Protein chains: 2
Amino acid sequence: MFIRRPESVEAQSVQMDGVAGVSMRLLVGKSDGAPTFSMRLFDVTPGGHTPRHSHPYEHEVIVVEGEGRVEHNGSLHPIQKGDVLYMEPGAMHQFTNPGPAPLSFICLVPQQHSCGESVPGS
Amino acid sequence: MFIRRPESVEAQSVQMDGVAGVSMRLLVGKSDGAPTFSMRLFDVTPGGHTPRHSHPYEHEVIVVEGEGRVEHNGSLHPIQKGDVLYMEPGAMHQFTNPGPAPLSFICLVPQQHSCGESVPGS
């Protein structure tokens with residue numbers, strides 16, 4: 001067992017095509033011995049966004065601070081602190097923070113997809 | 001995709017041996033089509049506790065409100081709002097709210113363990 005404060009985990013700038021102003025903290029992951037799924041905290045600066053992409057695995061998300069919007073297959077939806085969100089495998093999606101305040105959300109992913117392929121950032 | 005407010009999900013009283021004052025809301029689960037892991041919100045009233053038990057699958061936990069304590073294999077540890085906790089498979093554990101305020105935490109579980117056995121409450 002461990003108990004961890006999110007702020008004690010090093011934030012890593014997310015470097016991917018189509019990303020702006022996003023950092024990630026791996027709160028619980030493979031490197032901790034977690035066997036099935038991983039918990040990551042994302043901070044998105046005002047004006048920032050995650051990549052617009054799709055992948056063959058799901059997200060389960062908890063918005064922990066701020067407001068923003070999420071795209072799901074071409075439609076935009078507002079999100080705010082306290083919302084819980086499920087993004088199904090294969091959906092085109094993107095999280096955006098139009099500002100003015102920081103947006104933070106916890107995003108959980110399975111560690112494997114498609115019968116053994118590793119999920120990035122897990 | 002769906003976006004859900006936790007308070008919009010029906011709370012179910014947890015009826016198990018060794019449980020007192022605990023309700024659960026299934027925020028994301030099998031019934032939503034989530035394929036790998038499930039997200040549940042637990043509310044523990046002052047004086048309440050989850051069962052003292054172990055099982056062959058992990059928990060990943062986010063404390064969202066209040067304070068309490070967790071037992072891990074006979075040792076007690078304080079927990080508070082904002083803490084992230086990983087409980088490994090096979091550990092004896094229990095969450096307790098000594099009071100005076102409510103304790104709420106999100107607890108995620110895999111949907112299967114031991115090569116296909118279903119996880120309760122997922």
# chains A, B, ... in the order shown; residues from 1 in each chain; ligands from 1
>>> interface_residues(of="chain B", to="chain A", cutoff="6 Å", atoms="only C-alpha atoms", output="ChimeraX atom specification")
/B:1-5,83-88
>>> write_last_selection(atoms="N, CA and C atoms", output="JSON list (two decimals), in the first residue's frame")
[["chain", "number", "residue", "atom", "x", "y", "z"],
["B", 1, "MET", "N", -19.73, 8.20, -24.99],
["B", 1, "MET", "CA", -19.29, 9.05, -23.88],
["B", 1, "MET", "C", -20.47, 9.44, -23.02],
["B", 2, "PHE", "N", -20.21, 9.62, -21.75],
["B", 2, "PHE", "CA", -21.18, 10.33, -20.91],
["B", 2, "PHE", "C", -20.43, 11.19, -19.91],
["B", 3, "ILE", "N", -21.15, 12.24, -19.46],
["B", 3, "ILE", "CA", -20.66, 13.12, -18.39],
["B", 3, "ILE", "C", -21.73, 13.06, -17.30],
["B", 4, "ARG", "N", -21.28, 12.82, -16.08],
["B", 4, "ARG", "CA", -22.21, 12.51, -15.01],
["B", 4, "ARG", "C", -21.81, 13.28, -13.75],
["B", 5, "ARG", "N", -22.80, 13.81, -13.02],
["B", 5, "ARG", "CA", -22.53, 14.37, -11.69],
["B", 5, "ARG", "C", -22.70, 13.23, -10.70],
["B", 83, "ASP", "N", -5.78, 12.85, -0.76],
["B", 83, "ASP", "CA", -4.85, 11.71, -0.79],
["B", 83, "ASP", "C", -5.22, 10.73, -1.89],
["B", 84, "VAL", "N", -4.19, 10.14, -2.48],
["B", 84, "VAL", "CA", -4.34, 9.04, -3.43],
["B", 84, "VAL", "C", -3.74, 7.81, -2.77],
["B", 85, "LEU", "N", -4.40, 6.67, -2.89],
["B", 85, "LEU", "CA", -4.00, 5.46, -2.17],
["B", 85, "LEU", "C", -4.04, 4.27, -3.12],
["B", 86, "TYR", "N", -3.05, 3.42, -3.02],
["B", 86, "TYR", "CA", -3.04, 2.15, -3.75],
["B", 86, "TYR", "C", -3.02, 1.00, -2.74],
["B", 87, "MET", "N", -4.00, 0.11, -2.85],
["B", 87, "MET", "CA", -4.08, -1.07, -1.99],
["B", 87, "MET", "C", -3.84, -2.30, -2.86],
["B", 88, "GLU", "N", -2.77, -3.01, -2.57],
["B", 88, "GLU", "CA", -2.39, -4.13, -3.44],
["B", 88, "GLU", "C", -3.29, -5.36, -3.22]]
>>> residues_around(residues="Gly21 (chain B)", least_positions_apart="3", cutoff="7 Å", atoms="only C-alpha atoms", output="PyMOL selection string")
chain B and resi 44-45+48-49
>>> closest_residue(among="A:Val19, A:Asp43, A:His55, A:Thr50", to="Val119 (chain A)", atoms="only C-alpha atoms")
A:His55
